[in-house]
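Notes follow the structure.
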Amino acid sequence: MELQSIYNEYLNIKFKRALPPVRTSPFEYGLYEDDRADLFLTDHLDETFTNWMYDLQPRDPHYVSEPDWKPVLRELFQQMDIYDEQVLYYLLFTLNTALSINSHNAYSTMNDFMKNYSFLQLSHLSEITRLNEEQKHQLRDFFFFFYLYAHPVNEETLYACSFEGQNLVHTKTDISLERYFTAFHDHYSTNMNQYSEQIAIAPHDIQACKHLTLEILRCIEGKSAKLSMPEEEGLEAMLRLINDVDQMLQMHDENKSALFEIIKDFLTEARSTPYREHCFTTLLQNYTSYILFFRFDEIHTLVDYFEDTPVWCRTIINKIFMDTVFIDRVMKQNRIDITAYPNLTQFFEDEAKRIYL
């Protein structure tokens, strides 16, 4: 089982690419009637990768005046209390939903994109050579924050973890997520007789779920091979830049017009599909995350290049500012006063004006 194969199938289903399904055993995607899809266990087609542990969710100590129980794994993690146990369960569930496909409204569509985008970028960071370690550290924190924020999780879970190098740890207890998630799955697969009413799958299925969870975690930590977006006819140049951030950064530094020509070529092409639009949005958010994040004034060059084609310029600017809230956080972190950029804001549509001006 390769995470890349599952990710390809995720994109195939999500964007209705109508490609032949790929083998992802011991999991396979199942579709719901409302366009949602989830990874089911091939041996238990009524149980999903995300929900097999639903009945193992810890009791919520916040609703008990004097909680008197201990965490299930207290013997292995003595520094953990029942509040920590609940947060770690939420983190596990959130990581496992990386490959779920949900139905959306206007609000959740943005969150869904930001979560998927952040997941993809976290897998790329460790292989980027044109950023220094401090820059990669900043972006790692940025993407992981938005991966959780866009799920969304509660505030306690949002700020519960931090990176120690490439290892995600629960900050309060210094418990590594890899160690905890491994112990969690091993405990329940080993002690099935105690949990027969809460668990409907076999021990080997729990181990399969553990392996996939750890693959997702290592992807987020940047310890495994990066994920790539699959090819699409006519988008070869764009996808090369998406799948190789170094190439995009090099092109921007050495020949900006070549990068902008790729954007222009997409806008010139009349053909539109959900996956093509997703690729275009991803490239523009890469421009935000890897260039404007560190050098916001580069936006002038983009505007200067496209200002003679105002319809295209308006499309690009409003997608950068309205498809996600990444640029808003970039401006706040760098104390950018957007009113000092009238050449840019003249292309804002009404909603962008309402939010940013």
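Order determines the names: the first chain of the structure tokens is A, the second B, and so forth; residues in each chain are numbered 1 upward, and ligands are numbered 1 upward as they are shown.
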
(message) I'd like the contact shell of A:Leu283 - 9 Å cut-off, only C-alpha atoms, skipping same-chain residues fewer than 5 positions apart - returned as a ChimeraX atom specification.
(response) /A:238-239,241-242,263,278,288

Using only C-alpha atoms, what table do you get, as JSON lines, when you list each residue of stretch 204-321 of chain A with an atom no more than 12 Å from stretch 37-50 of chain A, its nearest pair of atoms, and their distance in Å rounded to one decimal, rows by chain then rising number?
```
{"residue": "A:His204", "atom": "CA", "partner": "A:Asp43", "partner_atom": "CA", "distance": 10.3}
{"residue": "A:Asp205", "atom": "CA", "partner": "A:Leu41", "partner_atom": "CA", "distance": 7.5}
{"residue": "A:Ile206", "atom": "CA", "partner": "A:Phe49", "partner_atom": "CA", "distance": 9.2}
{"residue": "A:Gln207", "atom": "CA", "partner": "A:Phe49", "partner_atom": "CA", "distance": 11.2}
{"residue": "A:Ala208", "atom": "CA", "partner": "A:Leu41", "partner_atom": "CA", "distance": 9.0}
{"residue": "A:Cys209", "atom": "CA", "partner": "A:Phe49", "partner_atom": "CA", "distance": 6.4}
{"residue": "A:Lys210", "atom": "CA", "partner": "A:Phe49", "partner_atom": "CA", "distance": 9.6}
{"residue": "A:His211", "atom": "CA", "partner": "A:Phe49", "partner_atom": "CA", "distance": 11.1}
{"residue": "A:Leu212", "atom": "CA", "partner": "A:Phe49", "partner_atom": "CA", "distance": 8.8}
{"residue": "A:Thr213", "atom": "CA", "partner": "A:Phe49", "partner_atom": "CA", "distance": 9.0}
```

Prev. selection, all heavy atoms, output as a compact mmCIF listing (two decimals), in the first residue's frame:
```txt
# COMPACT_ATOMS: atom_id res chain seq x y z
N HIS A 204 -5.67 -7.56 12.70
CA HIS A 204 -4.82 -7.23 11.55
C HIS A 204 -5.34 -5.99 10.82
O HIS A 204 -4.57 -5.26 10.19
CB HIS A 204 -4.72 -8.43 10.59
CG HIS A 204 -5.97 -8.73 9.82
ND1 HIS A 204 -6.95 -9.57 10.29
CD2 HIS A 204 -6.40 -8.29 8.60
CE1 HIS A 204 -7.92 -9.65 9.41
NE2 HIS A 204 -7.61 -8.88 8.37
N ASP A 205 -6.66 -5.72 10.92
CA ASP A 205 -7.20 -4.49 10.33
C ASP A 205 -6.75 -3.27 11.11
O ASP A 205 -6.45 -2.21 10.53
CB ASP A 205 -8.72 -4.54 10.29
CG ASP A 205 -9.26 -5.63 9.38
OD1 ASP A 205 -8.78 -5.71 8.24
OD2 ASP A 205 -10.14 -6.39 9.82
N ILE A 206 -6.70 -3.41 12.43
CA ILE A 206 -6.21 -2.30 13.26
C ILE A 206 -4.75 -2.01 12.91
O ILE A 206 -4.35 -0.85 12.82
CB ILE A 206 -6.36 -2.63 14.76
CG1 ILE A 206 -7.84 -2.80 15.12
CG2 ILE A 206 -5.72 -1.54 15.62
CD1 ILE A 206 -8.08 -3.21 16.56
N GLN A 207 -3.98 -3.06 12.68
CA GLN A 207 -2.58 -2.85 12.31
C GLN A 207 -2.47 -2.18 10.93
O GLN A 207 -1.60 -1.34 10.70
CB GLN A 207 -1.83 -4.18 12.32
CG GLN A 207 -1.59 -4.74 13.72
CD GLN A 207 -0.74 -3.81 14.57
OE1 GLN A 207 0.36 -3.39 14.16
NE2 GLN A 207 -1.23 -3.46 15.75
N ALA A 208 -3.37 -2.54 10.02
CA ALA A 208 -3.37 -1.89 8.71
C ALA A 208 -3.69 -0.40 8.87
O ALA A 208 -3.08 0.46 8.21
CB ALA A 208 -4.38 -2.55 7.78
N CYS A 209 -4.65 -0.08 9.74
CA CYS A 209 -4.99 1.32 10.00
C CYS A 209 -3.80 2.04 10.64
O CYS A 209 -3.52 3.21 10.31
CB CYS A 209 -6.21 1.41 10.92
SG CYS A 209 -7.77 0.92 10.14
N LYS A 210 -3.10 1.35 11.52
CA LYS A 210 -1.91 1.96 12.14
C LYS A 210 -0.88 2.32 11.08
O LYS A 210 -0.34 3.45 11.09
CB LYS A 210 -1.28 1.00 13.15
CG LYS A 210 0.01 1.56 13.79
CD LYS A 210 0.65 0.58 14.76
CE LYS A 210 1.44 -0.50 14.04
NZ LYS A 210 2.21 -1.34 14.98
N HIS A 211 -0.62 1.42 10.16
CA HIS A 211 0.40 1.68 9.14
C HIS A 211 0.01 2.87 8.27
O HIS A 211 0.86 3.70 7.94
CB HIS A 211 0.62 0.43 8.29
CG HIS A 211 1.27 -0.70 9.04
ND1 HIS A 211 2.38 -0.53 9.84
CD2 HIS A 211 0.95 -2.02 9.11
CE1 HIS A 211 2.73 -1.69 10.38
NE2 HIS A 211 1.88 -2.62 9.96
N LEU A 212 -1.27 2.99 7.93
CA LEU A 212 -1.70 4.12 7.12
C LEU A 212 -1.63 5.42 7.92
O LEU A 212 -1.20 6.46 7.41
CB LEU A 212 -3.11 3.89 6.57
CG LEU A 212 -3.66 4.99 5.66
CD1 LEU A 212 -2.70 5.31 4.52
CD2 LEU A 212 -5.03 4.59 5.11
N THR A 213 -2.06 5.37 9.18
CA THR A 213 -1.95 6.55 10.05
C THR A 213 -0.51 7.03 10.13
O THR A 213 -0.23 8.23 10.01
CB THR A 213 -2.47 6.23 11.46
OG1 THR A 213 -3.89 6.02 11.42
CG2 THR A 213 -2.18 7.37 12.43
```

(request) Return the single residue from A:Tyr117, A:Phe260, A:Tyr275, A:Tyr149 that is closest to A:Lys14, with distances computed using only C-alpha atoms. (result) A:Tyr275

(request) Just list the residues in stretch 4-215 of chain A DSSP gives strand (DSSP E or B) on the backbone, as an MDAnalysis selection string. (result) chainID A and resid 27:31 37:41 44:48 101 161:164 167:170 175:176

(request) Go through stretch 25-66 of chain A and collect every residue that DSSP, computed from the backbone, puts in helix (DSSP H, G or I); the answer should be as an MDAnalysis selection string. (result) chainID A and resid 54:56 61:63

If you count only C-alpha atoms, which residues fall within 12 Å of A:Lys332, apart from same-chain ones fewer than 6 positions away, as a short mmCIF file (atom, residue, chain, number, x, y, z; two decimals) with C-alpha atoms, in the first residue's frame?
```cif
data_model
loop_
_atom_site.label_atom_id
_atom_site.label_comp_id
_atom_site.auth_asym_id
_atom_site.auth_seq_id
_atom_site.Cartn_x
_atom_site.Cartn_y
_atom_site.Cartn_z
CA PHE A 293 5.22 34.89 2.46
CA PHE A 296 5.37 40.47 -0.26
CA VAL A 325 -7.05 33.10 4.17
CA PHE A 326 -3.33 32.38 3.73
CA ILE A 338 -2.73 46.70 2.00
CA TYR A 356 -9.46 43.95 3.15
#
```

Find the nearest atom pair between each residue of stretch 113-139 of chain A and stretch 86-108 of chain A for residues within 8 Å, count only C-alpha atoms, give distances in Å to one decimal, sort rows by chain and ascending number, and present the table as a tab-separated table.
```
residue	atom	partner	partner_atom	distance
A:Lys115	CA	A:Ala98	CA	7.8
A:Asn116	CA	A:Ala98	CA	7.0
A:Phe119	CA	A:Ala98	CA	7.5
```

(request) Find the residues around stretch 70-75 of chain A up to 9 Å (only C-alpha atoms counted), leave out those fewer than 4 positions away in its own chain, and share them as a list of chain:residue names. (result)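 Residues near the query, excluding close chain neighbours: A:Pro58, A:Gln79, A:Met80, A:Asp81, A:Ile82, A:Tyr83, A:Asp84, A:Glu85, A:Gln86, A:Tyr180, A:Ala183, A:Phe184, A:His187.
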
(message) Can you pull out the residues contacting A:Asp308? Cut-off 12 Å, using only C-alpha atoms, and skip same-chain residues under 6 positions away; I want them as number ranges by chain.
(response) A: 302, 314, 347

Output C-alpha atoms for every residue in that selection, as an mmCIF file, in the first residue's frame.
```cif
data_model
loop_
_atom_site.group_PDB
_atom_site.id
_atom_site.type_symbol
_atom_site.label_atom_id
_atom_site.label_comp_id
_atom_site.auth_asym_id
_atom_site.auth_seq_id
_atom_site.Cartn_x
_atom_site.Cartn_y
_atom_site.Cartn_z
ATOM 1 C CA LEU A 302 2.819 40.153 -10.864
ATOM 2 C CA ARG A 314 -8.536 40.704 -11.503
ATOM 3 C CA PHE A 347 -8.303 44.952 -9.007
#
```

(request) Report the distance between atom CA of A:Leu31 and atom CA of A:Thr109 in Å, rounded to one decimal place. (result)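 Computing it gives 18.6 Å between the two atoms.
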
(message) I want to know what sits within 12 Å of A:Glu351, based on only C-alpha atoms, with residues of the same chain fewer than 5 positions away left out; could you give that as a PyMOL selection string?
(response) chain A and resi 318-319+321-323+345+356-357

Since we have the selection now, will you write its residues out, keeping N, CA and C atoms, as a tab-separated table (two decimals), in the first residue's frame?
```tsv
chain	number	residue	atom	x	y	z
A	318	ASN	N	-7.90	38.24	-7.15
A	318	ASN	CA	-9.02	37.84	-6.30
A	318	ASN	C	-8.95	36.37	-5.89
A	319	LYS	N	-8.37	35.52	-6.72
A	319	LYS	CA	-8.16	34.14	-6.30
A	319	LYS	C	-7.11	34.08	-5.19
A	321	PHE	N	-6.44	36.34	-3.00
A	321	PHE	CA	-6.94	36.95	-1.77
A	321	PHE	C	-8.23	36.33	-1.25
A	322	MET	N	-8.96	35.60	-2.07
A	322	MET	CA	-10.28	35.12	-1.65
A	322	MET	C	-10.43	33.61	-1.60
A	323	ASP	N	-9.55	32.85	-2.27
A	323	ASP	CA	-9.70	31.39	-2.24
A	323	ASP	C	-9.31	30.79	-0.90
A	345	THR	N	-4.92	46.89	-5.14
A	345	THR	CA	-6.30	46.91	-4.66
A	345	THR	C	-7.29	47.41	-5.71
A	356	TYR	N	-10.84	43.47	2.98
A	356	TYR	CA	-9.46	43.95	3.15
A	356	TYR	C	-9.33	45.47	3.21
A	357	LEU	N	-10.33	46.21	2.76
A	357	LEU	CA	-10.19	47.68	2.73
A	357	LEU	C	-11.06	48.36	3.78
```

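The list of residues with at least one atom within 12 Å of A:Asn243, based on only C-alpha atoms and without residues fewer than 6 positions apart in the same chain, reads Leu120, Gln121, Ser123, His124, Leu125, Glu127, Ile128, Ala225, Lys226, Leu227, Ser228, Met229, Pro230, Glu231, Leu235, Glu236, Ala237, Leu249, Cys279, Thr282, Leu283 and Asn286 of chain A.
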
Any chance you can output those residues with C-alpha atoms as a JSON list (two decimals), in the first residue's frame?
```json
[["chain", "number", "residue", "atom", "x", "y", "z"],
["A", 120, "LEU", "CA", 0.39, 18.37, 0.31],
["A", 121, "GLN", "CA", 2.83, 21.17, 1.12],
["A", 123, "SER", "CA", 4.99, 16.58, 2.37],
["A", 124, "HIS", "CA", 7.13, 18.82, 0.11],
["A", 125, "LEU", "CA", 8.99, 21.00, 2.59],
["A", 127, "GLU", "CA", 12.94, 18.30, -0.10],
["A", 128, "ILE", "CA", 13.02, 22.04, -0.94],
["A", 225, "ALA", "CA", 8.64, 10.72, -0.11],
["A", 226, "LYS", "CA", 6.66, 13.80, -1.06],
["A", 227, "LEU", "CA", 3.21, 13.46, -2.56],
["A", 228, "SER", "CA", 2.75, 14.58, -6.16],
["A", 229, "MET", "CA", -0.33, 15.74, -8.00],
["A", 230, "PRO", "CA", -0.99, 13.44, -10.97],
["A", 231, "GLU", "CA", -0.54, 14.49, -14.58],
["A", 235, "LEU", "CA", -1.07, 21.18, -17.55],
["A", 236, "GLU", "CA", 2.36, 19.59, -17.78],
["A", 237, "ALA", "CA", 4.29, 22.84, -17.16],
["A", 249, "LEU", "CA", 11.34, 29.33, -7.03],
["A", 279, "CYS", "CA", -4.27, 22.88, -10.08],
["A", 282, "THR", "CA", -2.73, 25.40, -6.04],
["A", 283, "LEU", "CA", -0.12, 27.18, -8.16],
["A", 286, "ASN", "CA", 2.19, 28.28, -3.91]]
```

(message) With distances taken over only C-alpha atoms, which residue among A:Arg335, A:Cys313, A:Tyr341, A:Ser189 lies nearest A:Ile201?
(response)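 For A:Ile201, the nearest of the given residues is A:Ser189.
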
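Our summary of the geometry notes that atom CA of A:Phe181 is positioned 25.3 Å from atom CA of A:Lys136.
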
(request) Calculate how many Å separate atom CA of A:Arg140 from atom CA of A:Arg240, rounding to one decimal. (result)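 Interatomic distance here is 21.6 Å.
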
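Taking only C-alpha atoms into account, A:Leu56 lies nearest to A:Glu197 out of the set A:Glu197, A:Asp265, A:Glu349, A:Asp141.
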